Amino acid sequence: MSEGTSVRPAVTGDADAIARIYGHYILNTTISFEEQPVSAVEMAERIAEVLSSSLPWLVALQAEQVVGYAYAGKWKGRCAYRHSVESSLYLEPAFTGRGIGTQLYQALLVALRDRSIHVVIGGIALPNDASVALHERLGFSKVAHFKEVGYKFGQWLDVGYWQRSL
């Protein structure tokens with residue numbers, strides 16, 4: 001556990017900080033396949049949508065500052081998929097490599113187990129050694145690899161999927 005880090009449920013008031021964190025990944029990396037930054041208003045809507053589905057959206061705090069977030073969304077829209085979710089996690093770049101991602105993801109898994117979720121699926125734009133290592137450290141196994149399904153910054157990108165049963 002990262003010293004000085006706490007985890008709590010997100011509120012729509014966290015949308016500005018979350019949009020800022022996510023914006024870095026949109027503008028500077030191929031980790032997110034979005035290409036335009038998300039406004040705080042749109043992020044607040046996304047948070048509200050996840051929470052209205054009775055799924056968790058968590059934030060990691062250091063000195064009361066949001067330094068990361070994790071959430072789970074519906075895997076697919078059909079009713080029979082209701083016990084499966086897709087997870088996402090993003091950290092402020094300056095706070096990576098400190099165990100915060102692990103702490104945040106573990107809290108997300110507990111919150112999902114408490115909601116009787118059966119399967120958690122993590123999609124990872126490849127290559128992303130840090131995310132692969134995090135998922136595998138937390139008991140996820142690679143179950144799929146799609147080649148050249150995304151195109152960003154002038155390059156074709158693969159996506160892998162890791163899965164864990166709770």
# chains A, B, ... in the order shown; residues from 1 in each chain; ligands from 1
$ residues_around --residues "Trp156 (chain A)" --least-positions-apart "4" --cutoff "12 Å" --atoms "only C-alpha atoms" --output "JSON, numbers by chain"
{"A": [30, 33, 125, 126, 127, 146, 147, 148, 149, 150, 151, 152]}
$ write_last_selection --atoms "N, CA and C atoms" --output "PDB file, in the first residue's frame"
ATOM      1  N   THR A  30      -0.828   6.416 -26.630  1.00  0.00           N
ATOM      2  CA  THR A  30      -1.759   5.538 -27.332  1.00  0.00           C
ATOM      3  C   THR A  30      -2.504   4.629 -26.353  1.00  0.00           C
ATOM      4  N   PHE A  33      -7.714   5.321 -26.736  1.00  0.00           N
ATOM      5  CA  PHE A  33      -8.000   5.473 -28.159  1.00  0.00           C
ATOM      6  C   PHE A  33      -8.849   6.705 -28.446  1.00  0.00           C
ATOM      7  N   ALA A 125      -4.216  -1.293 -24.547  1.00  0.00           N
ATOM      8  CA  ALA A 125      -3.593  -0.945 -25.814  1.00  0.00           C
ATOM      9  C   ALA A 125      -2.131  -1.363 -25.719  1.00  0.00           C
ATOM     10  N   LEU A 126      -1.670  -2.061 -26.741  1.00  0.00           N
ATOM     11  CA  LEU A 126      -0.325  -2.635 -26.691  1.00  0.00           C
ATOM     12  C   LEU A 126       0.614  -1.933 -27.665  1.00  0.00           C
ATOM     13  N   PRO A 127       1.871  -1.800 -27.260  1.00  0.00           N
ATOM     14  CA  PRO A 127       2.495  -2.322 -26.039  1.00  0.00           C
ATOM     15  C   PRO A 127       2.245  -1.417 -24.836  1.00  0.00           C
ATOM     16  N   PHE A 146      -6.134  -8.614 -30.222  1.00  0.00           N
ATOM     17  CA  PHE A 146      -6.646  -8.132 -31.498  1.00  0.00           C
ATOM     18  C   PHE A 146      -5.569  -7.275 -32.155  1.00  0.00           C
ATOM     19  N   LYS A 147      -5.227  -7.601 -33.377  1.00  0.00           N
ATOM     20  CA  LYS A 147      -4.146  -6.911 -34.075  1.00  0.00           C
ATOM     21  C   LYS A 147      -4.676  -5.727 -34.886  1.00  0.00           C
ATOM     22  N   GLU A 148      -3.977  -4.597 -34.742  1.00  0.00           N
ATOM     23  CA  GLU A 148      -4.213  -3.398 -35.537  1.00  0.00           C
ATOM     24  C   GLU A 148      -5.670  -2.963 -35.558  1.00  0.00           C
ATOM     25  N   VAL A 149      -6.301  -2.923 -34.393  1.00  0.00           N
ATOM     26  CA  VAL A 149      -7.708  -2.512 -34.313  1.00  0.00           C
ATOM     27  C   VAL A 149      -7.884  -1.030 -34.003  1.00  0.00           C
ATOM     28  N   GLY A 150      -6.797  -0.358 -33.629  1.00  0.00           N
ATOM     29  CA  GLY A 150      -6.849   1.077 -33.374  1.00  0.00           C
ATOM     30  C   GLY A 150      -5.813   1.790 -34.222  1.00  0.00           C
ATOM     31  N   TYR A 151      -6.098   3.057 -34.529  1.00  0.00           N
ATOM     32  CA  TYR A 151      -5.157   3.858 -35.303  1.00  0.00           C
ATOM     33  C   TYR A 151      -5.053   5.224 -34.654  1.00  0.00           C
ATOM     34  N   LYS A 152      -3.863   5.548 -34.162  1.00  0.00           N
ATOM     35  CA  LYS A 152      -3.652   6.823 -33.489  1.00  0.00           C
ATOM     36  C   LYS A 152      -2.204   7.237 -33.677  1.00  0.00           C
TER      37      LYS A 152
END
$ select_by_dssp --residues "region 3-160 of chain A" --states "strand (DSSP E or B)" --output "MDAnalysis selection string"
chainID A and resid 5:9 57:62 65:74 84:91 119:126 141:152 155:160
$ residues_around --residues "region 88-93 of chain A" --least-positions-apart "2" --cutoff "6 Å" --atoms "only C-alpha atoms" --output "list of chain:residue names"
A:Ile21, A:Val67, A:Gly68, A:Tyr69, A:Ala70, A:Tyr71, A:Phe95, A:Thr96
$ write_last_selection --atoms "C-alpha atoms" --output "PDB file, in the first residue's frame"
ATOM      1  CA  ILE A  21      -5.546  13.156 -15.693  1.00  0.00           C
ATOM      2  CA  VAL A  67      -3.918  11.496  -8.280  1.00  0.00           C
ATOM      3  CA  GLY A  68      -5.685   8.617  -9.996  1.00  0.00           C
ATOM      4  CA  TYR A  69      -8.966   6.903 -10.656  1.00  0.00           C
ATOM      5  CA  ALA A  70     -10.396   3.502 -11.479  1.00  0.00           C
ATOM      6  CA  TYR A  71     -13.846   2.407 -12.481  1.00  0.00           C
ATOM      7  CA  PHE A  95       2.440   9.238  -9.378  1.00  0.00           C
ATOM      8  CA  THR A  96       3.112   6.068 -11.385  1.00  0.00           C
TER       9      THR A  96
END
$ closest_atom_pairs --of "region 94-132 of chain A" --to "region 45-54 of chain A" --cutoff "12 Å" --atoms "only C-alpha atoms" --output "CSV"
residue,atom,partner,partner_atom,distance
A:Ala111,CA,A:Ser54,CA,10.5
A:Leu112,CA,A:Ser54,CA,9.9
A:Asp114,CA,A:Ser54,CA,11.1
A:Arg115,CA,A:Ser54,CA,8.1
A:Ser116,CA,A:Ser54,CA,11.1
A:Ile117,CA,A:Ser54,CA,11.0
$ residues_around --residues "Leu104 (chain A)" --least-positions-apart "3" --cutoff "9 Å" --atoms "only C-alpha atoms" --output "PyMOL selection string"
chain A and resi 6-7+58-60+68-70+89+99-101+107-109
$ closest_residue --among "A:Ser39, A:Gln155, A:Glu64, A:Gly139" --to "Tyr22 (chain A)" --atoms "only C-alpha atoms"
A:Ser39
$ atom_distance --atom1 "CA of His135 (chain A)" --atom2 "CA of Gly154 (chain A)"
27.4 Å
$ closest_residue --among "A:Tyr81, A:Asp158, A:Gln103, A:Val66" --to "Arg20 (chain A)" --atoms "only C-alpha atoms"
A:Val66
$ select_by_dssp --residues "chain A" --states "alpha helix (DSSP H)" --output "ChimeraX atom specification"
/A:15-28,40-52,100-114,129-137
$ write_last_selection --atoms "C-alpha atoms" --output "CSV table (one decimal), in the first residue's frame"
chain,number,residue,atom,x,y,z
A,15,ALA,CA,-14.6,15.4,-12.7
A,16,ASP,CA,-12.2,18.3,-13.4
A,17,ALA,CA,-9.2,16.4,-11.9
A,18,ILE,CA,-10.2,13.2,-13.6
A,19,ALA,CA,-10.6,14.9,-17.0
A,20,ARG,CA,-7.2,16.5,-16.5
A,21,ILE,CA,-5.5,13.2,-15.7
A,22,TYR,CA,-7.3,11.4,-18.6
A,23,GLY,CA,-6.5,14.3,-20.9
A,24,HIS,CA,-2.8,13.6,-20.6
A,25,TYR,CA,-3.3,10.1,-21.8
A,26,ILE,CA,-5.5,11.2,-24.7
A,27,LEU,CA,-3.1,13.8,-26.0
A,28,ASN,CA,0.2,12.2,-25.3
A,40,ALA,CA,-15.1,18.2,-17.0
A,41,VAL,CA,-18.8,18.3,-17.8
A,42,GLU,CA,-18.6,15.2,-20.0
A,43,MET,CA,-16.5,13.5,-17.4
A,44,ALA,CA,-19.1,14.3,-14.7
A,45,GLU,CA,-21.7,12.7,-17.0
A,46,ARG,CA,-19.6,9.6,-17.4
A,47,ILE,CA,-19.1,9.3,-13.6
A,48,ALA,CA,-22.8,9.7,-13.1
A,49,GLU,CA,-23.6,7.0,-15.7
A,50,VAL,CA,-21.3,4.5,-14.0
A,51,LEU,CA,-22.6,5.2,-10.6
A,52,SER,CA,-26.2,5.0,-11.8
A,100,ILE,CA,-0.9,3.6,-6.1
A,101,GLY,CA,-2.3,1.8,-9.1
A,102,THR,CA,-2.1,-1.5,-7.3
A,103,GLN,CA,-3.9,-0.1,-4.3
A,104,LEU,CA,-6.6,1.5,-6.4
A,105,TYR,CA,-7.1,-1.6,-8.5
A,106,GLN,CA,-7.3,-3.8,-5.4
A,107,ALA,CA,-10.0,-1.5,-3.9
A,108,LEU,CA,-11.9,-1.7,-7.2
A,109,LEU,CA,-11.8,-5.5,-7.2
A,110,VAL,CA,-13.2,-5.5,-3.6
A,111,ALA,CA,-16.0,-3.1,-4.6
A,112,LEU,CA,-16.8,-5.3,-7.6
A,113,ARG,CA,-16.8,-8.5,-5.5
A,114,ASP,CA,-19.2,-6.8,-3.1
A,129,ASP,CA,4.3,-3.3,-20.2
A,130,ALA,CA,3.3,-1.5,-17.0
A,131,SER,CA,-0.4,-2.2,-17.4
A,132,VAL,CA,0.2,-5.8,-18.4
A,133,ALA,CA,2.4,-6.3,-15.3
A,134,LEU,CA,-0.2,-4.7,-13.1
A,135,HIS,CA,-3.0,-6.9,-14.4
A,136,GLU,CA,-1.0,-10.1,-14.1
A,137,ARG,CA,0.2,-9.2,-10.6
$ atom_distance --atom1 "CA of Val85 (chain A)" --atom2 "CA of Asn128 (chain A)"
20.8 Å
$ atom_distance --atom1 "CA of Val38 (chain A)" --atom2 "CA of Trp57 (chain A)"
16.8 Å
$ closest_residue --among "A:Glu34, A:Ile124, A:Trp162, A:Leu61" --to "Ser141 (chain A)" --atoms "only C-alpha atoms"
A:Trp162
$ decode --residues "region 155-166 of chain A" --atoms "all heavy atoms" --output "tab-separated table (two decimals), in the first residue's frame"
chain	number	residue	atom	x	y	z
A	155	GLN	N	-0.12	5.36	-36.40
A	155	GLN	CA	0.29	3.96	-36.27
A	155	GLN	C	-0.89	3.07	-35.92
A	155	GLN	O	-1.83	3.50	-35.25
A	155	GLN	CB	1.39	3.81	-35.22
A	155	GLN	CG	0.97	4.25	-33.83
A	155	GLN	CD	2.09	4.19	-32.83
A	155	GLN	OE1	2.89	3.26	-32.85
A	155	GLN	NE2	2.19	5.17	-31.95
A	156	TRP	N	-0.84	1.84	-36.41
A	156	TRP	CA	-1.83	0.84	-36.06
A	156	TRP	C	-1.47	0.25	-34.71
A	156	TRP	O	-0.30	0.00	-34.42
A	156	TRP	CB	-1.87	-0.28	-37.12
A	156	TRP	CG	-2.48	0.21	-38.40
A	156	TRP	CD1	-1.84	0.50	-39.56
A	156	TRP	CD2	-3.86	0.49	-38.62
A	156	TRP	NE1	-2.73	0.94	-40.50
A	156	TRP	CE2	-3.99	0.94	-39.94
A	156	TRP	CE3	-5.00	0.40	-37.83
A	156	TRP	CZ2	-5.21	1.30	-40.51
A	156	TRP	CZ3	-6.22	0.77	-38.39
A	156	TRP	CH2	-6.32	1.21	-39.71
A	157	LEU	N	-2.50	0.01	-33.89
A	157	LEU	CA	-2.28	-0.45	-32.52
A	157	LEU	C	-3.07	-1.73	-32.23
A	157	LEU	O	-4.22	-1.87	-32.66
A	157	LEU	CB	-2.71	0.64	-31.54
A	157	LEU	CG	-1.96	1.97	-31.72
A	157	LEU	CD1	-2.70	3.10	-31.04
A	157	LEU	CD2	-0.54	1.83	-31.20
A	158	ASP	N	-2.44	-2.60	-31.47
A	158	ASP	CA	-3.08	-3.83	-31.02
A	158	ASP	C	-3.75	-3.58	-29.67
A	158	ASP	O	-3.38	-2.66	-28.93
A	158	ASP	CB	-2.05	-4.94	-30.82
A	158	ASP	CG	-1.40	-5.40	-32.11
A	158	ASP	OD1	-1.73	-4.86	-33.20
A	158	ASP	OD2	-0.55	-6.31	-32.03
A	159	VAL	N	-4.72	-4.43	-29.35
A	159	VAL	CA	-5.36	-4.40	-28.04
A	159	VAL	C	-5.40	-5.82	-27.50
A	159	VAL	O	-5.80	-6.74	-28.22
A	159	VAL	CB	-6.78	-3.83	-28.09
A	159	VAL	CG1	-7.49	-3.95	-26.74
A	159	VAL	CG2	-6.77	-2.38	-28.55
A	160	GLY	N	-4.97	-5.98	-26.25
A	160	GLY	CA	-5.08	-7.27	-25.59
A	160	GLY	C	-6.13	-7.19	-24.50
A	160	GLY	O	-6.39	-6.10	-23.96
A	161	TYR	N	-6.72	-8.31	-24.18
A	161	TYR	CA	-7.70	-8.36	-23.08
A	161	TYR	C	-7.24	-9.35	-22.04
A	161	TYR	O	-6.82	-10.47	-22.36
A	161	TYR	CB	-9.08	-8.74	-23.61
A	161	TYR	CG	-9.77	-7.57	-24.26
A	161	TYR	CD1	-9.68	-7.36	-25.63
A	161	TYR	CD2	-10.49	-6.66	-23.49
A	161	TYR	CE1	-10.29	-6.26	-26.22
A	161	TYR	CE2	-11.10	-5.57	-24.08
A	161	TYR	CZ	-11.00	-5.38	-25.44
A	161	TYR	OH	-11.59	-4.28	-26.02
A	162	TRP	N	-7.28	-8.91	-20.80
A	162	TRP	CA	-6.95	-9.73	-19.63
A	162	TRP	C	-8.21	-9.90	-18.82
A	162	TRP	O	-9.02	-8.97	-18.72
A	162	TRP	CB	-5.86	-9.04	-18.80
A	162	TRP	CG	-4.48	-9.32	-19.29
A	162	TRP	CD1	-3.57	-10.14	-18.70
A	162	TRP	CD2	-3.83	-8.80	-20.46
A	162	TRP	NE1	-2.40	-10.17	-19.43
A	162	TRP	CE2	-2.53	-9.34	-20.52
A	162	TRP	CE3	-4.22	-7.93	-21.48
A	162	TRP	CZ2	-1.64	-9.06	-21.53
A	162	TRP	CZ3	-3.32	-7.63	-22.49
A	162	TRP	CH2	-2.05	-8.20	-22.51
A	163	GLN	N	-8.40	-11.06	-18.23
A	163	GLN	CA	-9.63	-11.38	-17.51
A	163	GLN	C	-9.30	-11.99	-16.16
A	163	GLN	O	-8.33	-12.73	-16.01
A	163	GLN	CB	-10.43	-12.37	-18.35
A	163	GLN	CG	-11.68	-12.91	-17.68
A	163	GLN	CD	-12.41	-13.87	-18.60
A	163	GLN	OE1	-12.50	-13.68	-19.79
A	163	GLN	NE2	-12.95	-14.94	-18.01
A	164	ARG	N	-10.15	-11.66	-15.18
A	164	ARG	CA	-10.04	-12.28	-13.86
A	164	ARG	C	-11.45	-12.57	-13.35
A	164	ARG	O	-12.33	-11.72	-13.40
A	164	ARG	CB	-9.34	-11.33	-12.89
A	164	ARG	CG	-9.32	-11.93	-11.48
A	164	ARG	CD	-8.64	-11.06	-10.48
A	164	ARG	NE	-8.93	-11.57	-9.16
A	164	ARG	CZ	-8.44	-11.07	-8.06
A	164	ARG	NH1	-7.61	-10.05	-8.10
A	164	ARG	NH2	-8.77	-11.58	-6.89
A	165	SER	N	-11.63	-13.77	-12.82
A	165	SER	CA	-12.88	-14.13	-12.16
A	165	SER	C	-12.77	-13.76	-10.70
A	165	SER	O	-11.71	-13.94	-10.08
A	165	SER	CB	-13.16	-15.63	-12.28
A	165	SER	OG	-13.35	-15.98	-13.64
A	166	LEU	N	-13.85	-13.25	-10.17
A	166	LEU	CA	-13.86	-12.89	-8.75
A	166	LEU	C	-14.53	-13.99	-7.94
A	166	LEU	O	-14.45	-14.06	-6.77
A	166	LEU	CB	-14.60	-11.56	-8.55
A	166	LEU	CG	-13.97	-10.36	-9.24
A	166	LEU	CD1	-14.83	-9.12	-9.02
A	166	LEU	CD2	-12.56	-10.11	-8.73
